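**Q** So here's protein.cif (mmCIF, C-alpha atoms).
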```
data_run
loop_
_atom_site.label_atom_id
_atom_site.label_comp_id
_atom_site.auth_asym_id
_atom_site.auth_seq_id
_atom_site.Cartn_x
_atom_site.Cartn_y
_atom_site.Cartn_z
CA MET A 251 114.30 -76.17 13.53
CA ARG A 252 111.72 -73.59 14.55
CA THR A 253 112.39 -70.41 12.61
CA VAL A 254 111.46 -66.82 13.45
CA GLU A 255 108.70 -67.12 10.88
CA ASP A 256 107.24 -70.19 12.62
CA ALA A 257 107.39 -68.61 16.06
CA VAL A 258 106.00 -65.22 15.10
CA GLY A 259 103.51 -66.73 12.65
CA ALA A 260 101.98 -68.83 15.45
CA VAL A 261 101.41 -65.69 17.51
CA LEU A 262 100.08 -63.57 14.67
CA SER A 263 97.72 -66.10 13.06
CA GLY A 264 94.18 -65.01 13.78
CA ALA A 265 95.22 -61.44 14.52
CA ILE A 266 96.72 -60.62 11.11
CA SER A 267 95.88 -61.94 7.65
CA ALA A 268 98.21 -64.45 6.01
CA ILE A 269 99.01 -62.01 3.19
CA THR A 270 100.05 -59.27 5.59
CA GLN A 271 102.14 -61.76 7.53
CA ARG A 272 103.86 -62.72 4.28
CA SER A 273 104.76 -59.09 3.59
CA ILE A 274 106.12 -58.67 7.11
CA PHE A 275 108.31 -61.77 6.72
CA ASN A 276 109.47 -60.62 3.31
CA ARG A 277 110.62 -57.40 4.90
CA LEU A 278 112.59 -59.40 7.46
CA GLY A 279 114.37 -61.23 4.65
CA GLY A 280 116.85 -63.85 5.79
CA LEU A 281 116.07 -63.15 9.43
CA ALA A 282 112.61 -64.71 9.03
CA ARG A 283 114.19 -68.03 8.12
CA THR A 284 116.73 -67.95 10.94
CA PRO A 285 116.09 -70.56 13.64
CA VAL A 286 114.96 -68.90 16.88
CA GLY A 287 117.81 -70.61 18.72
CA GLN A 288 120.40 -68.90 16.53
CA LEU A 289 118.99 -65.41 16.89
CA GLY A 290 121.46 -63.04 18.56
CA PRO A 291 120.33 -60.15 20.77
CA VAL A 292 120.96 -57.58 18.03
CA GLU A 293 118.89 -59.46 15.48
CA ARG A 294 116.13 -60.07 17.97
CA GLN A 295 115.93 -56.31 18.42
CA THR A 296 115.88 -55.83 14.64
CA VAL A 297 113.04 -58.32 14.28
CA LEU A 298 111.07 -56.76 17.11
CA LYS A 299 111.54 -53.25 15.76
CA GLU A 300 110.30 -54.32 12.35
CA LEU A 301 107.36 -56.11 13.96
CA GLU A 302 106.53 -53.10 16.08
CA SER A 303 106.15 -50.76 13.12
CA SER A 304 104.22 -53.35 11.09
CA LEU A 305 101.89 -54.25 13.95
CA ARG A 306 101.07 -50.64 14.63
CA LEU A 307 99.83 -50.39 11.04
CA PHE A 308 98.09 -53.71 10.63
CA ALA A 309 96.96 -55.16 13.95
CA ARG A 310 93.29 -54.83 14.60
CA GLY A 311 93.57 -55.19 18.38
CA SER A 312 96.27 -54.00 20.72
CA SER A 313 99.61 -54.00 18.94
CA ALA A 314 101.53 -53.78 22.23
CA GLU A 315 100.03 -57.05 23.45
CA LEU A 316 100.84 -58.86 20.19
CA LEU A 317 104.36 -57.49 20.24
CA ALA A 318 104.89 -58.73 23.79
CA ALA A 319 103.64 -62.17 22.72
CA CYS A 320 106.07 -62.16 19.77
CA GLU A 321 108.90 -61.19 22.08
CA ARG A 322 108.07 -64.13 24.36
CA ALA A 323 107.92 -66.49 21.39
CA LEU A 324 111.34 -65.32 20.21
CA SER A 325 113.00 -65.83 23.57
CA ASP A 326 111.47 -69.28 23.91
CA VAL A 327 114.40 -71.04 22.26
CA ALA A 328 113.27 -74.58 22.94
CA GLY A 329 109.83 -73.89 21.51
CA THR A 330 108.13 -75.58 24.45
CA GLY A 331 105.53 -72.88 24.83
CA THR A 332 106.57 -72.12 28.40
CA ALA A 333 108.07 -68.66 28.37
CA ALA A 334 111.70 -69.51 29.03
CA SER A 335 112.99 -66.42 30.75
CA SER A 336 115.76 -67.96 32.78
CA GLY A 337 116.04 -64.70 34.62
CA GLY A 338 118.92 -62.34 35.35
CA GLY A 339 122.47 -62.11 34.07
CA ALA A 340 123.06 -65.86 34.12
CA GLY A 341 120.35 -66.38 31.52
CA VAL A 342 121.74 -63.68 29.28
CA GLY A 343 125.27 -65.04 29.55
CA GLY A 344 124.11 -68.56 28.85
CA GLY A 345 122.21 -67.40 25.81
CA GLY A 346 125.30 -65.61 24.57
CA ALA A 347 127.45 -68.69 24.88
CA ALA A 348 124.86 -70.80 23.10
CA ALA A 349 124.65 -68.23 20.33
CA ALA A 350 128.46 -68.16 19.98
CA ALA A 351 128.56 -71.94 19.76
CA SER A 352 125.92 -72.04 17.05
CA LYS A 353 127.63 -69.19 15.15
CA ALA A 354 130.76 -71.27 14.67
CA THR A 355 128.83 -74.00 12.93
CA ILE A 356 126.86 -71.88 10.48
CA HIS A 357 127.47 -73.06 6.98
CA LYS A 358 125.31 -72.10 4.04
CA THR A 359 125.79 -72.86 0.37
CA PHE A 360 123.86 -71.25 -2.49
CA ALA A 361 123.69 -72.32 -6.08
CA VAL A 362 124.21 -69.34 -8.38
CA ASP A 363 123.24 -69.73 -12.00
CA GLN A 364 121.07 -66.77 -12.99
CA GLU A 365 120.90 -63.05 -12.36
CA LYS A 366 118.28 -63.25 -9.64
CA ASP A 367 120.53 -65.56 -7.61
CA ILE A 368 122.98 -62.66 -7.31
CA ALA A 369 120.40 -60.65 -5.37
CA THR A 370 119.52 -63.64 -3.20
CA ALA A 371 123.16 -64.41 -2.40
CA ARG A 372 123.99 -60.86 -1.40
CA LEU A 373 120.84 -60.52 0.74
CA GLU A 374 121.74 -63.73 2.56
CA ALA A 375 125.33 -62.55 2.99
CA TRP A 376 124.14 -59.23 4.36
CA SER A 377 121.82 -60.78 6.94
CA GLU A 378 124.44 -63.36 7.89
CA ALA A 379 126.99 -60.58 8.46
CA VAL A 380 124.57 -58.63 10.65
CA ARG A 381 123.59 -61.80 12.48
CA ILE A 382 127.13 -62.67 13.55
CA GLY A 383 127.68 -59.12 14.79
CA LEU A 384 129.68 -57.45 12.02
CA SER A 385 129.03 -53.71 11.78
CA LYS A 386 126.41 -52.31 9.39
CA PHE A 387 129.14 -50.86 7.16
CA THR A 388 130.97 -54.15 7.06
CA ALA A 389 127.70 -55.91 6.23
CA VAL A 390 127.32 -53.71 3.15
CA LYS A 391 130.91 -54.51 2.16
CA VAL A 392 130.18 -58.23 2.59
CA ALA A 393 127.06 -57.92 0.44
CA THR A 394 128.97 -55.99 -2.22
CA ALA A 395 131.78 -58.56 -2.34
CA VAL A 396 129.30 -61.43 -2.63
CA SER A 397 127.49 -59.50 -5.34
CA GLU A 398 130.74 -59.16 -7.34
CA LEU A 399 131.67 -62.82 -6.92
CA ALA A 400 128.18 -64.10 -7.74
CA ARG A 401 128.07 -61.83 -10.78
CA ASN A 402 131.39 -63.19 -12.03
CA ILE A 403 130.00 -66.71 -11.72
CA VAL A 404 126.83 -65.89 -13.68
CA PHE A 405 128.62 -63.82 -16.35
CA TYR A 406 131.71 -65.93 -16.99
CA ALA A 407 131.08 -69.45 -15.73
CA GLY A 408 127.31 -69.77 -16.07
CA LYS A 409 126.87 -71.57 -12.77
CA GLY A 410 128.61 -72.18 -9.50
CA THR A 411 128.15 -71.87 -5.76
CA VAL A 412 128.65 -69.27 -3.05
CA GLU A 413 129.34 -70.60 0.41
CA LEU A 414 129.09 -68.63 3.66
CA ARG A 415 130.73 -69.81 6.85
CA ALA A 416 130.77 -67.90 10.12
CA THR A 417 133.43 -68.49 12.75
CA GLU A 418 134.27 -66.82 16.01
CA ASP A 419 137.52 -66.60 17.96
CA GLU A 420 138.90 -64.38 20.73
CA ARG A 421 139.49 -61.57 18.21
CA GLY A 422 135.84 -61.51 17.20
CA PRO A 423 133.49 -62.90 14.59
CA SER A 424 134.46 -63.44 11.01
CA LEU A 425 132.68 -64.48 7.85
CA HIS A 426 134.28 -66.70 5.23
CA ILE A 427 133.03 -66.53 1.67
CA VAL A 428 133.92 -69.17 -0.88
CA ALA A 429 132.82 -68.68 -4.49
CA THR A 430 133.43 -71.71 -6.69
CA ASP A 431 132.75 -72.47 -10.33
CA LYS A 432 133.87 -74.95 -12.93
CA GLY A 433 133.95 -72.35 -15.68
CA PRO A 434 136.74 -71.52 -18.13
CA GLY A 435 139.07 -70.15 -15.42
CA ILE A 436 141.20 -67.06 -15.86
CA GLU A 437 144.32 -67.07 -18.05
CA PRO A 438 147.53 -65.87 -16.37
CA ARG A 439 147.89 -62.97 -18.82
CA LYS A 440 144.35 -61.77 -18.17
CA LEU A 441 144.95 -62.13 -14.45
CA GLU A 442 147.95 -59.80 -14.68
CA GLU A 443 145.76 -57.18 -16.34
CA ILE A 444 143.08 -57.67 -13.69
CA TRP A 445 145.49 -57.04 -10.82
CA ALA A 446 147.00 -54.07 -12.64
CA GLY A 447 143.51 -52.61 -13.00
CA THR A 448 143.86 -52.33 -16.76
CA TYR A 449 141.51 -55.16 -17.67
CA LYS A 450 138.25 -54.14 -19.38
CA SER A 451 135.42 -56.60 -19.77
CA GLN A 452 132.63 -56.44 -22.35
CA ARG A 453 129.83 -56.60 -19.86
CA GLY A 454 131.08 -55.13 -16.61
CA MET A 455 133.90 -52.90 -15.52
CA GLY A 456 136.50 -55.65 -15.29
CA LYS A 457 137.27 -54.48 -11.80
CA GLY A 458 135.14 -56.91 -9.80
CA LEU A 459 137.92 -59.20 -8.52
CA LEU A 460 140.26 -56.32 -7.76
CA ALA A 461 137.42 -54.60 -5.90
CA VAL A 462 136.74 -57.68 -3.78
CA LYS A 463 140.43 -58.04 -3.00
CA LYS A 464 140.48 -54.47 -1.69
CA LEU A 465 137.38 -54.97 0.44
CA VAL A 466 138.28 -58.10 2.37
CA THR A 467 140.70 -58.94 5.19
CA ASP A 468 142.02 -62.11 3.52
CA PHE A 469 141.86 -63.05 -0.13
CA HIS A 470 142.84 -66.18 -1.98
CA LEU A 471 142.31 -66.99 -5.66
CA ASP A 472 142.73 -70.38 -7.27
CA THR A 473 142.19 -70.34 -11.01
CA GLY A 474 143.62 -71.42 -14.34
CA PRO A 475 142.40 -72.32 -17.82
CA GLY A 476 140.22 -75.40 -17.66
CA LYS A 477 140.19 -75.81 -13.93
CA GLY A 478 137.54 -73.30 -12.94
CA THR A 479 137.81 -70.57 -10.37
CA THR A 480 137.64 -70.57 -6.58
CA VAL A 481 137.79 -67.34 -4.60
CA THR A 482 138.12 -67.58 -0.84
CA CYS A 483 137.89 -64.46 1.28
CA ILE A 484 137.41 -63.51 4.90
CA PHE A 485 135.73 -60.54 6.55
CA ARG A 486 136.87 -60.04 10.12
CA GLY A 487 134.89 -58.07 12.66
CA GLU A 488 136.42 -56.34 15.64
CA ARG A 489 135.63 -56.85 19.23
CA MET B 260 106.77 -29.00 -10.04
CA LYS B 261 103.37 -28.64 -11.76
CA ARG B 262 103.84 -30.80 -14.77
CA SER B 263 104.64 -34.39 -14.17
CA THR B 264 103.99 -37.31 -16.44
CA ALA B 265 105.08 -40.87 -16.10
CA VAL B 266 105.74 -43.51 -18.68
CA SER B 267 106.43 -47.09 -18.00
CA MET B 268 108.87 -49.19 -19.87
CA GLY B 269 109.59 -52.82 -20.47
CA SER B 270 107.03 -55.53 -20.98
CA GLY B 271 104.43 -56.78 -18.53
CA GLY B 272 103.06 -54.84 -15.64
CA SER B 273 99.52 -54.96 -17.01
CA ASP B 274 98.53 -57.81 -14.72
CA GLY B 275 99.63 -55.76 -11.74
CA SER B 276 101.17 -58.74 -10.00
CA VAL B 277 104.75 -57.60 -10.04
CA GLY B 278 106.81 -59.38 -7.43
CA ARG B 279 110.35 -58.65 -6.32
CA SER B 280 111.54 -61.90 -7.78
CA ARG B 281 110.19 -61.01 -11.21
CA ALA B 282 112.40 -58.01 -11.76
CA ALA B 283 112.28 -58.53 -15.52
CA ASP B 284 108.60 -57.60 -15.49
CA GLN B 285 109.13 -54.58 -13.34
CA ASN B 286 108.65 -51.10 -14.67
CA LEU B 287 110.90 -48.18 -14.02
CA ALA B 288 108.83 -45.02 -14.22
CA ILE B 289 110.43 -41.96 -15.79
CA ILE B 290 108.87 -38.89 -14.24
CA GLN B 291 109.20 -35.43 -15.67
CA ILE B 292 109.59 -32.45 -13.37
CA ARG B 293 109.82 -29.24 -15.41
CA ASN B 294 112.63 -30.03 -17.83
CA CYS B 295 114.27 -32.71 -15.75
CA LEU B 296 113.67 -36.44 -15.87
CA LEU B 297 113.57 -38.44 -12.67
CA VAL B 298 113.93 -42.19 -12.19
CA SER B 299 113.73 -43.81 -8.80
CA ILE B 300 115.61 -47.11 -8.82
CA GLN B 301 114.00 -49.50 -6.39
CA THR B 302 114.80 -52.78 -8.01
CA GLU B 303 117.63 -55.01 -9.13
CA LEU B 304 119.26 -53.43 -12.19
CA HIS B 305 120.08 -56.29 -14.50
CA ASP B 306 121.36 -56.18 -18.07
CA ARG B 307 118.10 -55.87 -19.97
CA LEU B 308 116.45 -53.47 -17.55
CA ALA B 309 119.52 -51.23 -17.59
CA LEU B 310 119.62 -51.14 -21.39
CA ASP B 311 115.87 -50.48 -21.58
CA LEU B 312 116.26 -47.66 -19.09
CA GLN B 313 119.15 -46.15 -21.01
CA GLU B 314 117.22 -46.29 -24.29
CA SER B 315 113.99 -44.84 -23.00
CA LEU B 316 115.87 -42.14 -21.10
CA MET B 317 117.60 -41.06 -24.31
CA GLU B 318 114.32 -40.92 -26.15
CA ARG B 319 112.67 -38.94 -23.37
CA VAL B 320 115.57 -36.50 -23.12
CA ARG B 321 115.04 -35.72 -26.80
CA ILE B 322 111.25 -35.43 -26.63
CA ALA B 323 111.20 -33.37 -23.46
CA ASP B 324 114.18 -31.14 -24.26
CA ALA B 325 115.45 -32.19 -20.88
CA ILE B 326 118.47 -30.48 -19.40
CA GLY B 327 118.95 -33.04 -16.69
CA VAL B 328 118.37 -36.64 -15.68
CA ILE B 329 118.23 -37.57 -12.01
CA LEU B 330 118.59 -41.16 -10.83
CA ASP B 331 117.51 -41.70 -7.24
CA VAL B 332 119.37 -44.66 -5.71
CA SER B 333 118.40 -44.06 -2.09
CA ALA B 334 116.59 -47.42 -2.04
CA VAL B 335 119.60 -49.29 -3.40
CA GLU B 336 121.47 -50.99 -0.58
CA VAL B 337 124.34 -52.43 -2.59
CA ILE B 338 126.12 -50.87 -5.56
CA ASP B 339 128.81 -53.08 -7.02
CA SER B 340 131.23 -52.43 -9.90
CA TYR B 341 128.71 -53.66 -12.47
CA ILE B 342 125.96 -51.27 -11.32
CA THR B 343 128.57 -48.49 -11.23
CA ARG B 344 129.36 -49.24 -14.86
CA ILE B 345 125.66 -49.03 -15.75
CA LEU B 346 125.32 -45.68 -13.97
CA ASN B 347 128.46 -44.32 -15.66
CA ASP B 348 127.18 -45.49 -19.07
CA ILE B 349 123.86 -43.75 -18.55
CA GLY B 350 125.72 -40.61 -17.44
CA LYS B 351 127.91 -40.67 -20.54
CA SER B 352 125.07 -41.12 -22.99
CA VAL B 353 123.02 -38.40 -21.31
CA ARG B 354 126.03 -36.09 -21.55
CA PHE B 355 126.44 -36.90 -25.25
CA MET B 356 122.95 -35.55 -25.76
CA GLY B 357 123.80 -32.34 -23.97
CA ALA B 358 122.06 -32.98 -20.66
CA GLU B 359 123.55 -33.66 -17.25
CA CYS B 360 123.04 -36.75 -15.12
CA TYR B 361 122.77 -36.63 -11.33
CA ILE B 362 122.85 -39.64 -9.01
CA VAL B 363 121.15 -38.79 -5.74
CA GLY B 364 120.75 -40.51 -2.40
CA ILE B 365 123.83 -42.76 -2.30
CA ARG B 366 123.90 -44.29 1.18
CA PRO B 367 126.94 -43.66 3.41
CA ALA B 368 127.91 -47.32 3.60
CA VAL B 369 127.62 -47.63 -0.19
CA ALA B 370 129.87 -44.59 -0.69
CA MET B 371 132.47 -46.00 1.73
CA THR B 372 132.41 -49.34 -0.06
CA LEU B 373 132.84 -47.76 -3.50
CA ILE B 374 135.86 -45.80 -2.25
CA GLU B 375 137.48 -48.89 -0.75
CA MET B 376 136.91 -50.82 -3.95
CA GLY B 377 138.59 -48.06 -5.94
CA VAL B 378 135.65 -47.81 -8.30
CA GLU B 379 134.96 -44.43 -9.89
CA LEU B 380 131.56 -42.90 -10.44
CA ASP B 381 133.03 -40.25 -12.71
CA SER B 382 130.59 -39.87 -15.59
CA VAL B 383 127.78 -38.55 -13.44
CA HIS B 384 127.28 -35.77 -10.94
CA THR B 385 126.13 -36.62 -7.45
CA ALA B 386 123.91 -34.74 -5.02
CA LEU B 387 122.81 -35.51 -1.49
CA ASN B 388 119.15 -35.55 -2.40
CA LEU B 389 116.62 -34.81 -5.12
CA ASP B 390 116.02 -31.27 -3.92
CA LEU B 391 119.68 -30.29 -4.20
CA ALA B 392 120.04 -31.92 -7.62
CA LEU B 393 117.04 -29.95 -8.94
CA GLU B 394 118.48 -26.78 -7.48
CA ARG B 395 121.79 -27.28 -9.25
CA LEU B 396 120.14 -28.19 -12.55
CA GLU B 397 117.99 -25.10 -12.35
CA LEU B 398 121.15 -22.98 -12.10
CA LEU B 399 122.27 -24.39 -15.45
CA GLN B 400 119.41 -22.74 -17.28
#
```
Please, can you express the file's structure as structure tokens?
**A**
Amino acid sequence: MRTVEDAVGAVLSGAISAITQRSIFNRLGGLARTPVGQLGPVERQTVLKELESSLRLFARGSSAELLAACERALSDVAGTGTAASSGGGAGVGGGGAAAAASKATIHKTFAVDQEKDIATARLEAWSEAVRIGLSKFTAVKVATAVSELARNIVFYAGKGTVELRATEDERGPSLHIVATDKGPGIEPRKLEEIWAGTYKSQRGMGKGLLAVKKLVTDFHLDTGPGKGTTVTCIFRGER
Amino acid sequence: MKRSTAVSMGSGGSDGSVGRSRAADQNLAIIQIRNCLLVSIQTELHDRLALDLQESLMERVRIADAIGVILDVSAVEVIDSYITRILNDIGKSVRFMGAECYIVGIRPAVAMTLIEMGVELDSVHTALNLDLALERLELLQ
């Protein structure tokens, strides 16, 4: 799949040094690795805005020309090189439908086993939330929830996975988060304290799970001594 | 605002190749402005870094006779319950020494999220920005 990085990189090579390109793509985060075909209109604007400010600083020649070329590359979904502007409202509508279809199939899983994975997981969750059209505030909530869940995995289970799945129905987009580990699980007595808000952990606040439960639209916990822990939660966006 | 010194903490940093992924090698500079200490948090606060920060802040509060510590979190996009605990701990230990701790620059979305989560940031003061925090600390004198 041709990603944003591939498409923009092809345009920028020659005009901007590889190191500067790297820093631009780092700033784009998860968006840089998103396939061009799955880029929604909002994200495309985000990418272009970021490119615009970077190009103004770094481009030796005309930044406007380079930006226009990047814009063409990002709307060329098939990657054929022929600027695919299918013209008018029909094109826009078609693109929207294609984007909606691809949104429903997005499915990412991350291994989480050290502290730096927490940052990676929440960055990915944030960009995924923005990509599927959840509001900026909701995206921060998503990132915070993923941060809590990933932290629990690293602190208490050692390793596990965080899974992101985006779906879309007539009510709007939603993001499903599944955090799974095969750690010690949570004892029923401890769980009671957690839900009552009286639990205190050595390392954190002991309020992570309760916090996540308050943040999300739907929350499900499956845990017990010896069977590990699976947290499933859903963030729903509005239309 | 005339006198400002900076110390770095933690190991590494001498090679100058500090990447985002190598947060453990990153330095948090403690800057002194009059008798306040300022730390701008621009990186992932993990266990060791947080403890190092707390320790060196304590030491600097003592050496500098500081009346206040200001932590700027305007670059922090996500604050979860663990980071809140770290901030509260720093606030408490600063208060034990007789100084006050201000958190400045909390983003609107972060504040909303903390409220929804029911997490308290009650061992520190907050201010909209650095300027206002300095103003309030100056009134303490």
**Q** To one decimal place, how far is atom CA of Glu379 of chain B from atom CA of Lys450 of chain A in Å?
**A**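 Rounded to one decimal, the two atoms are 14.0 Å apart.
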**Q** Hey, what comes out of the PyMOL selection byres ((chain B) within 12 of (chain A)) on this file? Could you write it as an MDAnalysis selection string?
**A** chainID B and resid 278:283 302:310 335:348 366:380
**Q** Residues of the last selection are to be written out with C-alpha atoms, as an mmCIF file, keeping the file's coordinate frame.
**A**
```cif
data_model
loop_
_atom_site.group_PDB
_atom_site.id
_atom_site.type_symbol
_atom_site.label_atom_id
_atom_site.label_comp_id
_atom_site.auth_asym_id
_atom_site.auth_seq_id
_atom_site.Cartn_x
_atom_site.Cartn_y
_atom_site.Cartn_z
ATOM 1 C CA GLY B 278 106.810 -59.380 -7.430
ATOM 2 C CA ARG B 279 110.350 -58.650 -6.320
ATOM 3 C CA SER B 280 111.540 -61.900 -7.780
ATOM 4 C CA ARG B 281 110.190 -61.010 -11.210
ATOM 5 C CA ALA B 282 112.400 -58.010 -11.760
ATOM 6 C CA ALA B 283 112.280 -58.530 -15.520
ATOM 7 C CA THR B 302 114.800 -52.780 -8.010
ATOM 8 C CA GLU B 303 117.630 -55.010 -9.130
ATOM 9 C CA LEU B 304 119.260 -53.430 -12.190
ATOM 10 C CA HIS B 305 120.080 -56.290 -14.500
ATOM 11 C CA ASP B 306 121.360 -56.180 -18.070
ATOM 12 C CA ARG B 307 118.100 -55.870 -19.970
ATOM 13 C CA LEU B 308 116.450 -53.470 -17.550
ATOM 14 C CA ALA B 309 119.520 -51.230 -17.590
ATOM 15 C CA LEU B 310 119.620 -51.140 -21.390
ATOM 16 C CA VAL B 335 119.600 -49.290 -3.400
ATOM 17 C CA GLU B 336 121.470 -50.990 -0.580
ATOM 18 C CA VAL B 337 124.340 -52.430 -2.590
ATOM 19 C CA ILE B 338 126.120 -50.870 -5.560
ATOM 20 C CA ASP B 339 128.810 -53.080 -7.020
ATOM 21 C CA SER B 340 131.230 -52.430 -9.900
ATOM 22 C CA TYR B 341 128.710 -53.660 -12.470
ATOM 23 C CA ILE B 342 125.960 -51.270 -11.320
ATOM 24 C CA THR B 343 128.570 -48.490 -11.230
ATOM 25 C CA ARG B 344 129.360 -49.240 -14.860
ATOM 26 C CA ILE B 345 125.660 -49.030 -15.750
ATOM 27 C CA LEU B 346 125.320 -45.680 -13.970
ATOM 28 C CA ASN B 347 128.460 -44.320 -15.660
ATOM 29 C CA ASP B 348 127.180 -45.490 -19.070
ATOM 30 C CA ARG B 366 123.900 -44.290 1.180
ATOM 31 C CA PRO B 367 126.940 -43.660 3.410
ATOM 32 C CA ALA B 368 127.910 -47.320 3.600
ATOM 33 C CA VAL B 369 127.620 -47.630 -0.190
ATOM 34 C CA ALA B 370 129.870 -44.590 -0.690
ATOM 35 C CA MET B 371 132.470 -46.000 1.730
ATOM 36 C CA THR B 372 132.410 -49.340 -0.060
ATOM 37 C CA LEU B 373 132.840 -47.760 -3.500
ATOM 38 C CA ILE B 374 135.860 -45.800 -2.250
ATOM 39 C CA GLU B 375 137.480 -48.890 -0.750
ATOM 40 C CA MET B 376 136.910 -50.820 -3.950
ATOM 41 C CA GLY B 377 138.590 -48.060 -5.940
ATOM 42 C CA VAL B 378 135.650 -47.810 -8.300
ATOM 43 C CA GLU B 379 134.960 -44.430 -9.890
ATOM 44 C CA LEU B 380 131.560 -42.900 -10.440
#
```
**Q** Using only C-alpha atoms, what residues lie at most 12 Å away from (125.4, -25.4, -14.5) (file coordinates), given as a short mmCIF file (atom, residue, chain, number, x, y, z; two decimals) with C-alpha atoms, in the coordinates of the input?
**A**
```cif
data_model
loop_
_atom_site.label_atom_id
_atom_site.label_comp_id
_atom_site.auth_asym_id
_atom_site.auth_seq_id
_atom_site.Cartn_x
_atom_site.Cartn_y
_atom_site.Cartn_z
CA ILE B 326 118.47 -30.48 -19.40
CA GLY B 327 118.95 -33.04 -16.69
CA GLY B 357 123.80 -32.34 -23.97
CA ALA B 358 122.06 -32.98 -20.66
CA GLU B 359 123.55 -33.66 -17.25
CA CYS B 360 123.04 -36.75 -15.12
CA TYR B 361 122.77 -36.63 -11.33
CA HIS B 384 127.28 -35.77 -10.94
CA ALA B 392 120.04 -31.92 -7.62
CA LEU B 393 117.04 -29.95 -8.94
CA GLU B 394 118.48 -26.78 -7.48
CA ARG B 395 121.79 -27.28 -9.25
CA LEU B 396 120.14 -28.19 -12.55
CA GLU B 397 117.99 -25.10 -12.35
CA LEU B 398 121.15 -22.98 -12.10
CA LEU B 399 122.27 -24.39 -15.45
CA GLN B 400 119.41 -22.74 -17.28
#
```
**Q** Could you expand the PyMOL selection byres ((chain A and resi 430-445) around 9) into the explicit residues it covers here, written as an MDAnalysis selection string?
**A** chainID A and resid 403 406:413 428:429 446:450 456:460 472:482
**Q** From the options B:Cys295, B:Gln301, B:Ala288, B:Ala334, which residue's atoms come nearest to Arg321 of chain B, counting all atoms listed in the file?
**A**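 Closest to Arg321 of chain B, using all atoms listed in the file: B:Cys295.
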**Q** Assuming the chain letters and numbering stay as they are in my file, what does the PyMOL selection byres ((chain A and resi 377) around 8) actually select? List them as a list in words.
**A**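 On the file shown, the PyMOL selection byres ((chain A and resi 377) around 8) covers Gly279, Gly280, Leu281, Leu373, Glu374, Ala375, Trp376, Glu378, Ala379, Val380, Arg381 and Ala389 of chain A.
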**Q** Quick one, how far is atom CA of Val298 of chain B from atom CA of Leu312 of chain B?
**A** 9.1 Å
**Q** Of the residues B:Asn388, B:Ser382, B:Asn294, B:Ser299, which is the one nearest to Val332 of chain B, using all atoms listed in the file?
**A**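 Of B:Asn388, B:Ser382, B:Asn294, B:Ser299, the one nearest Val332 of chain B, counting all atoms listed in the file, is B:Ser299.
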**Q** What's the separation between atom CA of Arg421 of chain A and atom CA of Thr467 of chain A, in Å to one decimal place?
**A**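 That distance, rounded to one decimal, is 13.3 Å.
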**Q** Counting all atoms listed in the file, figure out which residue out of A:Ala268, A:Arg415, A:Thr296, A:Gln452 gets nearest to Cys483 of chain A.
**A**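 Answer, going by the shortest atom-to-atom distance: A:Arg415.
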**Q** Scan for residues within 6 Å of the point (115.8, -36.9, -12.3) in the coordinates of the file, using only C-alpha atoms, and reply as a list of chain:residue names.
**A**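 Output of the proximity query reads B:Cys295, B:Leu296, B:Leu297, B:Val298, B:Val328, B:Ile329, B:Leu330.
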